>>> print(open('query38.txt').read())   # compact mmCIF, C-alpha atoms
# COMPACT_ATOMS: atom_id res chain seq x y z
CA MET A 939 30.87 27.48 -13.93
CA THR A 940 28.88 24.28 -13.48
CA GLU A 941 25.57 24.65 -11.71
CA PRO A 942 25.18 22.39 -8.65
CA LEU A 943 22.80 19.51 -9.12
CA SER A 944 19.45 20.09 -7.48
CA ASP A 945 17.74 17.46 -5.38
CA PRO A 946 15.29 15.27 -7.31
CA PRO A 947 11.65 16.24 -6.78
CA ALA A 948 9.79 14.40 -4.04
CA PRO A 949 7.56 11.60 -5.32
CA ARG A 950 3.98 12.89 -5.51
CA PHE A 951 2.20 9.52 -5.31
CA VAL A 952 3.49 7.31 -2.51
CA SER A 953 1.95 4.04 -1.34
CA PHE A 954 2.71 2.05 1.78
CA GLU A 955 2.76 -1.74 1.79
CA GLY A 956 3.54 -4.54 4.20
CA VAL A 957 2.10 -7.38 6.19
CA ASP A 958 -0.73 -6.51 8.59
CA GLY A 959 0.85 -5.03 11.71
CA SER A 960 3.82 -3.50 9.89
CA GLY A 961 2.70 0.06 10.62
CA LYS A 962 1.51 1.14 7.16
CA THR A 963 -1.41 3.22 8.37
CA THR A 964 0.67 5.01 11.00
CA GLN A 965 3.53 5.75 8.61
CA ALA A 966 1.22 6.95 5.84
CA ALA A 967 -0.35 9.41 8.28
CA LEU A 968 3.05 10.60 9.53
CA LEU A 969 4.34 11.19 6.01
CA ALA A 970 1.18 13.09 5.09
CA ALA A 971 1.52 15.27 8.18
CA HIS A 972 5.18 15.97 7.36
CA LEU A 973 4.33 17.03 3.81
CA ARG A 974 1.49 19.24 5.02
CA GLY A 975 3.93 20.84 7.43
CA GLN A 976 5.91 21.92 4.36
CA GLY A 977 2.83 23.67 3.00
CA ARG A 978 1.88 21.00 0.46
CA GLU A 979 -1.60 19.77 -0.33
CA VAL A 980 -1.84 16.09 0.58
CA VAL A 981 -4.64 13.65 -0.15
CA GLU A 982 -4.68 10.50 1.98
CA VAL A 983 -6.39 7.36 0.72
CA ARG A 984 -6.76 3.81 1.94
CA GLU A 985 -7.46 0.54 0.22
CA PRO A 986 -9.91 -0.87 -0.14
CA GLY A 987 -11.93 2.30 0.29
CA GLY A 988 -11.32 5.99 -0.20
CA THR A 989 -14.62 6.66 -1.98
CA PRO A 990 -18.24 6.00 -0.97
CA ALA A 991 -18.37 3.01 -3.33
CA GLY A 992 -14.96 1.80 -2.22
CA GLU A 993 -15.93 1.91 1.44
CA ARG A 994 -18.91 -0.32 0.70
CA VAL A 995 -16.61 -2.77 -1.04
CA ARG A 996 -14.28 -2.59 1.97
CA ALA A 997 -17.09 -3.65 4.28
CA VAL A 998 -17.74 -6.73 2.15
CA VAL A 999 -14.12 -7.74 1.54
CA LEU A 1000 -13.04 -7.37 5.17
CA ASP A 1001 -16.12 -8.95 6.73
CA ALA A 1002 -14.84 -12.02 8.57
CA HIS A 1003 -18.20 -13.73 8.06
CA THR A 1004 -18.29 -13.27 4.28
CA ARG A 1005 -16.96 -16.10 2.11
CA LEU A 1006 -15.16 -14.92 -1.02
CA GLY A 1007 -13.20 -16.90 -3.56
CA PRO A 1008 -9.86 -15.51 -4.76
CA ARG A 1009 -11.25 -14.27 -8.10
CA ALA A 1010 -14.23 -12.54 -6.48
CA GLU A 1011 -11.89 -10.94 -3.94
CA ALA A 1012 -9.53 -9.71 -6.66
CA LEU A 1013 -12.37 -8.32 -8.78
CA LEU A 1014 -13.97 -6.46 -5.88
CA LEU A 1015 -10.65 -4.91 -4.88
CA ALA A 1016 -9.87 -3.91 -8.46
CA GLY A 1017 -13.30 -2.31 -8.82
CA ALA A 1018 -12.81 -0.26 -5.68
CA ARG A 1019 -9.33 0.70 -6.91
CA ALA A 1020 -10.67 1.83 -10.28
CA GLN A 1021 -13.15 4.14 -8.57
CA LEU A 1022 -10.44 5.49 -6.27
CA VAL A 1023 -8.15 6.30 -9.20
CA ASP A 1024 -10.88 8.00 -11.23
CA GLU A 1025 -12.58 9.87 -8.40
CA VAL A 1026 -9.68 10.83 -6.13
CA ILE A 1027 -6.13 9.99 -7.21
CA GLU A 1028 -6.03 11.30 -10.77
CA PRO A 1029 -7.81 14.59 -9.96
CA ALA A 1030 -5.46 15.16 -7.02
CA LEU A 1031 -2.33 14.54 -9.07
CA ALA A 1032 -3.68 16.69 -11.91
CA ARG A 1033 -3.98 19.72 -9.63
CA GLY A 1034 -0.49 19.18 -8.18
CA ALA A 1035 -1.40 17.58 -4.86
CA PHE A 1036 0.52 14.78 -3.19
CA VAL A 1037 -1.23 11.42 -2.73
CA VAL A 1038 -0.32 9.09 0.14
CA ALA A 1039 -1.96 5.66 -0.05
CA ASP A 1040 -2.34 3.00 2.61
CA ARG A 1041 -1.97 0.08 0.14
CA PHE A 1042 -2.36 0.05 -3.65
CA VAL A 1043 -1.73 -2.42 -6.49
CA ASP A 1044 1.14 -4.27 -4.82
CA SER A 1045 -1.26 -5.59 -2.20
CA SER A 1046 -3.14 -7.39 -4.97
CA TYR A 1047 0.07 -8.86 -6.40
CA VAL A 1048 0.88 -10.22 -2.96
CA TYR A 1049 -2.46 -11.26 -1.48
CA GLN A 1050 -4.41 -12.35 -4.55
CA GLY A 1051 -1.63 -13.05 -7.04
CA ALA A 1052 0.85 -14.89 -4.84
CA VAL A 1053 -0.85 -15.98 -1.62
CA ARG A 1054 -4.29 -16.74 -3.09
CA GLY A 1055 -2.65 -18.31 -6.14
CA LEU A 1056 -4.17 -16.31 -9.00
CA GLY A 1057 -0.77 -15.57 -10.50
CA ALA A 1058 1.04 -12.35 -11.30
CA GLN A 1059 -0.11 -12.12 -14.91
CA ALA A 1060 -3.83 -12.33 -14.15
CA VAL A 1061 -3.54 -9.76 -11.38
CA HIS A 1062 -1.42 -7.48 -13.56
CA GLU A 1063 -3.93 -7.49 -16.42
CA LEU A 1064 -6.87 -6.90 -14.11
CA ASN A 1065 -5.25 -4.00 -12.28
CA ALA A 1066 -3.66 -2.41 -15.33
CA PHE A 1067 -7.20 -2.09 -16.67
CA ALA A 1068 -8.62 -0.92 -13.33
CA THR A 1069 -6.02 1.81 -12.83
CA ALA A 1070 -5.47 2.73 -16.50
CA GLY A 1071 -1.82 1.93 -15.82
CA ARG A 1072 -1.43 4.29 -12.88
CA LEU A 1073 1.31 3.24 -10.45
CA PRO A 1074 2.76 5.02 -7.41
CA ASP A 1075 5.94 7.00 -7.99
CA ARG A 1076 7.37 5.22 -4.96
CA THR A 1077 6.11 2.39 -2.78
CA VAL A 1078 7.43 2.00 0.75
CA LEU A 1079 7.55 -1.62 1.89
CA LEU A 1080 7.73 -1.83 5.66
CA ARG A 1081 9.61 -5.00 6.47
CA LEU A 1082 8.46 -6.97 9.50
CA ASP A 1083 8.86 -10.68 10.13
CA ALA A 1084 5.79 -12.87 10.51
CA ALA A 1085 6.33 -13.55 14.21
CA GLU A 1086 6.41 -9.86 15.12
CA ALA A 1087 3.45 -9.18 12.82
CA ALA A 1088 1.46 -11.87 14.63
CA VAL A 1089 2.24 -10.24 17.99
CA ARG A 1090 1.16 -6.82 16.75
CA ARG A 1091 -1.94 -8.25 15.12
CA GLY A 1092 -3.19 -9.70 18.41
CA ASP A 1093 -5.56 -12.62 18.80
CA GLY A 1094 -6.57 -12.77 15.12
CA SER A 1095 -10.21 -11.91 15.80
CA GLY A 1096 -10.33 -8.99 13.36
CA ASP A 1097 -11.27 -8.84 9.67
CA ARG A 1098 -11.00 -11.61 7.06
CA PHE A 1099 -7.28 -11.03 6.53
CA GLU A 1100 -6.42 -10.56 10.20
CA SER A 1101 -8.23 -13.81 10.97
CA GLU A 1102 -5.97 -15.85 8.71
CA PRO A 1103 -3.54 -18.27 10.45
CA GLY A 1104 0.10 -17.52 11.15
CA THR A 1105 1.24 -19.45 8.08
CA PHE A 1106 -0.66 -16.91 5.98
CA LEU A 1107 1.48 -14.12 7.42
CA GLU A 1108 4.66 -15.99 6.50
CA LEU A 1109 3.45 -16.34 2.90
CA VAL A 1110 2.61 -12.63 2.77
CA VAL A 1111 6.06 -11.62 4.06
CA ARG A 1112 7.81 -13.80 1.47
CA ALA A 1113 5.55 -12.57 -1.33
CA TYR A 1114 6.29 -8.93 -0.49
CA GLU A 1115 10.02 -9.59 -0.65
CA ALA A 1116 9.59 -11.21 -4.07
CA ALA A 1117 7.46 -8.27 -5.26
CA ALA A 1118 10.11 -5.81 -4.13
CA ALA A 1119 12.81 -7.72 -5.99
CA ARG A 1120 10.76 -7.61 -9.22
CA ALA A 1121 9.71 -3.95 -8.99
CA GLY A 1122 13.19 -2.43 -9.02
CA GLU A 1123 13.57 1.14 -7.79
CA ARG A 1124 9.85 1.85 -7.44
CA ILE A 1125 9.65 -0.17 -4.22
CA VAL A 1126 11.91 0.91 -1.38
CA ALA A 1127 12.07 -1.59 1.47
CA ILE A 1128 12.88 -0.40 4.99
CA SER A 1129 12.69 -1.91 8.44
CA GLY A 1130 9.37 -1.52 10.22
CA GLU A 1131 10.99 -2.29 13.58
CA GLY A 1132 11.30 0.34 16.28
CA GLU A 1133 9.34 3.35 17.43
CA ALA A 1134 7.05 5.08 14.96
CA HIS A 1135 9.19 8.23 14.82
CA GLU A 1136 12.29 6.15 14.06
CA VAL A 1137 10.55 4.39 11.17
CA ALA A 1138 9.22 7.75 9.92
CA GLU A 1139 12.78 9.08 9.70
CA ARG A 1140 13.77 6.05 7.61
CA VAL A 1141 10.77 6.62 5.35
CA ARG A 1142 11.64 10.26 4.71
CA GLU A 1143 15.27 9.38 4.02
CA ALA A 1144 14.29 6.60 1.62
CA LEU A 1145 11.95 8.94 -0.25
CA GLY A 1146 14.32 11.91 -0.23
CA VAL A 1147 11.73 13.99 1.61
CA ARG A 1148 13.27 16.52 4.00
>>> encode(input="query38.txt", output="structure tokens")
Amino acid sequence: MTEPLSDPPAPRFVSFEGVDGSGKTTQAALLAAHLRGQGREVVEVREPGGTPAGERVRAVVLDAHTRLGPRAEALLLAGARAQLVDEVIEPALARGAFVVADRFVDSSYVYQGAVRGLGAQAVHELNAFATAGRLPDRTVLLRLDAAEAAVRRGDGSGDRFESEPGTFLELVVRAYEAAAARAGERIVAISGEGEAHEVAERVREALGVR
């Protein structure tokens, strides 16, 4: 008698990506809460940040009054990411915990590689070194068009990225779609439209998390 196929294991390292305003932070928190409700250990991280050093980098990178060139921006983000991997992500995965990240390497492919013009190869080499090749098991791309993202973002008086013009958002949206097409099955793209609980249901279905 043939044994029934079991469900594939839930991905243990999940990152959330999307244009500012797409709901990444909310959905990352909702997924983490759902997993904890199943009795699993979950470590939540955000980028840039997640460690004392990373939070200091975050303050610099997001400061609307700080001028940074694309290479400096990419290097600072990669440095913060390296510390996050070494100090938090790898130890968590090694002990069997789940890691839910609000952004990871795909943000650098989009923002620095595509939108800032550094190119995919340069960003890949930098981040492959920074993360020692660590990638999420699954990345959830929350799709949202630039017009809706601009509405959610508000008056654009926030951090360096939130202060960018509307054309910047359009470039980010297109770059994320291109990144998803290149990444294959690792990136699952779902609609970010609707109420938070509706999007959360789509996220769990896409990840196979019940």
>>> atom_distance(input="query38.txt", atom1="CA of Val1043 in chain A", atom2="CA of Ala1085 in chain A")
24.8 Å
>>> closest_atom_pairs(input="query38.txt", of="range 1077-1118 of chain A", to="range 992-999 of chain A", cutoff="12 Å", atoms="only C-alpha atoms", output="JSON lines")
{"residue": "A:Asp1097", "atom": "CA", "partner": "A:Val999", "partner_atom": "CA", "distance": 8.7}
{"residue": "A:Arg1098", "atom": "CA", "partner": "A:Val999", "partner_atom": "CA", "distance": 7.4}
{"residue": "A:Phe1099", "atom": "CA", "partner": "A:Val999", "partner_atom": "CA", "distance": 9.1}
{"residue": "A:Glu1100", "atom": "CA", "partner": "A:Val999", "partner_atom": "CA", "distance": 11.9}
>>> residues_around(input="query38.txt", residues="Ile1125 in chain A", least_positions_apart="6", cutoff="6 Å", atoms="all atoms listed in the file", output="MDAnalysis selection string")
chainID A and resid 1076:1078 1118
>>> residues_around(input="query38.txt", residues="Pro1103 in chain A", least_positions_apart="4", cutoff="10 Å", atoms="all atoms listed in the file", output="PyMOL selection string")
chain A and resi 1088+1094+1099+1107-1108
>>> closest_residue(input="query38.txt", among="A:Gly959, A:Gly987, A:Ala948, A:Glu1139", to="Val1089 in chain A", atoms="all atoms listed in the file")
A:Gly959
>>> closest_residue(input="query38.txt", among="A:Leu1145, A:Val1137, A:Ala1087, A:Val1111", to="Glu1123 in chain A", atoms="only C-alpha atoms")
A:Leu1145
>>> decode(input="query38.txt", residues="range 1116-1137 of chain A", atoms="N, CA and C atoms", output="PDB file, in the first residue's frame")
ATOM      1  N   ALA A1116      10.777  42.327 -12.129  1.00  0.00           N
ATOM      2  CA  ALA A1116      11.893  41.716 -12.855  1.00  0.00           C
ATOM      3  C   ALA A1116      12.660  40.759 -11.944  1.00  0.00           C
ATOM      4  N   ALA A1117      12.851  41.149 -10.684  1.00  0.00           N
ATOM      5  CA  ALA A1117      13.562  40.285  -9.731  1.00  0.00           C
ATOM      6  C   ALA A1117      12.797  38.995  -9.501  1.00  0.00           C
ATOM      7  N   ALA A1118      11.474  39.098  -9.402  1.00  0.00           N
ATOM      8  CA  ALA A1118      10.654  37.909  -9.191  1.00  0.00           C
ATOM      9  C   ALA A1118      10.737  36.970 -10.382  1.00  0.00           C
ATOM     10  N   ALA A1119      10.773  37.530 -11.577  1.00  0.00           N
ATOM     11  CA  ALA A1119      10.857  36.702 -12.782  1.00  0.00           C
ATOM     12  C   ALA A1119      12.183  35.955 -12.850  1.00  0.00           C
ATOM     13  N   ARG A1120      13.265  36.569 -12.356  1.00  0.00           N
ATOM     14  CA  ARG A1120      14.584  35.941 -12.392  1.00  0.00           C
ATOM     15  C   ARG A1120      14.761  34.889 -11.308  1.00  0.00           C
ATOM     16  N   ALA A1121      14.101  35.083 -10.161  1.00  0.00           N
ATOM     17  CA  ALA A1121      14.371  34.249  -8.981  1.00  0.00           C
ATOM     18  C   ALA A1121      13.682  32.890  -9.025  1.00  0.00           C
ATOM     19  N   GLY A1122      12.738  32.693  -9.910  1.00  0.00           N
ATOM     20  CA  GLY A1122      12.054  31.408  -9.985  1.00  0.00           C
ATOM     21  C   GLY A1122      11.155  31.177  -8.782  1.00  0.00           C
ATOM     22  N   GLU A1123      11.166  29.948  -8.253  1.00  0.00           N
ATOM     23  CA  GLU A1123      10.220  29.569  -7.212  1.00  0.00           C
ATOM     24  C   GLU A1123      10.510  30.204  -5.855  1.00  0.00           C
ATOM     25  N   ARG A1124      11.721  30.706  -5.651  1.00  0.00           N
ATOM     26  CA  ARG A1124      12.022  31.272  -4.325  1.00  0.00           C
ATOM     27  C   ARG A1124      11.129  32.465  -4.011  1.00  0.00           C
ATOM     28  N   ILE A1125      10.831  33.299  -4.989  1.00  0.00           N
ATOM     29  CA  ILE A1125       9.979  34.455  -4.767  1.00  0.00           C
ATOM     30  C   ILE A1125       8.552  34.127  -5.167  1.00  0.00           C
ATOM     31  N   VAL A1126       7.634  34.278  -4.224  1.00  0.00           N
ATOM     32  CA  VAL A1126       6.213  34.117  -4.515  1.00  0.00           C
ATOM     33  C   VAL A1126       5.566  35.497  -4.460  1.00  0.00           C
ATOM     34  N   ALA A1127       4.934  35.889  -5.543  1.00  0.00           N
ATOM     35  CA  ALA A1127       4.336  37.220  -5.644  1.00  0.00           C
ATOM     36  C   ALA A1127       2.832  37.128  -5.423  1.00  0.00           C
ATOM     37  N   ILE A1128       2.326  37.932  -4.499  1.00  0.00           N
ATOM     38  CA  ILE A1128       0.889  37.955  -4.235  1.00  0.00           C
ATOM     39  C   ILE A1128       0.420  39.399  -4.171  1.00  0.00           C
ATOM     40  N   SER A1129      -0.871  39.590  -4.300  1.00  0.00           N
ATOM     41  CA  SER A1129      -1.432  40.927  -4.240  1.00  0.00           C
ATOM     42  C   SER A1129      -1.364  41.473  -2.819  1.00  0.00           C
ATOM     43  N   GLY A1130      -0.933  42.720  -2.706  1.00  0.00           N
ATOM     44  CA  GLY A1130      -0.926  43.404  -1.418  1.00  0.00           C
ATOM     45  C   GLY A1130      -2.171  44.231  -1.198  1.00  0.00           C
ATOM     46  N   GLU A1131      -3.138  44.136  -2.126  1.00  0.00           N
ATOM     47  CA  GLU A1131      -4.384  44.891  -2.005  1.00  0.00           C
ATOM     48  C   GLU A1131      -5.309  44.238  -0.991  1.00  0.00           C
ATOM     49  N   GLY A1132      -6.155  45.042  -0.373  1.00  0.00           N
ATOM     50  CA  GLY A1132      -7.161  44.514   0.538  1.00  0.00           C
ATOM     51  C   GLY A1132      -6.795  44.680   1.996  1.00  0.00           C
ATOM     52  N   GLU A1133      -7.668  44.148   2.845  1.00  0.00           N
ATOM     53  CA  GLU A1133      -7.448  44.225   4.285  1.00  0.00           C
ATOM     54  C   GLU A1133      -6.273  43.331   4.688  1.00  0.00           C
ATOM     55  N   ALA A1134      -5.655  43.683   5.806  1.00  0.00           N
ATOM     56  CA  ALA A1134      -4.458  42.957   6.247  1.00  0.00           C
ATOM     57  C   ALA A1134      -4.735  41.470   6.435  1.00  0.00           C
ATOM     58  N   HIS A1135      -5.898  41.127   6.989  1.00  0.00           N
ATOM     59  CA  HIS A1135      -6.184  39.712   7.235  1.00  0.00           C
ATOM     60  C   HIS A1135      -6.386  38.949   5.924  1.00  0.00           C
ATOM     61  N   GLU A1136      -6.890  39.637   4.896  1.00  0.00           N
ATOM     62  CA  GLU A1136      -7.059  38.999   3.592  1.00  0.00           C
ATOM     63  C   GLU A1136      -5.700  38.702   2.962  1.00  0.00           C
ATOM     64  N   VAL A1137      -4.792  39.670   3.051  1.00  0.00           N
ATOM     65  CA  VAL A1137      -3.447  39.474   2.517  1.00  0.00           C
ATOM     66  C   VAL A1137      -2.731  38.371   3.293  1.00  0.00           C
TER      67      VAL A1137
END
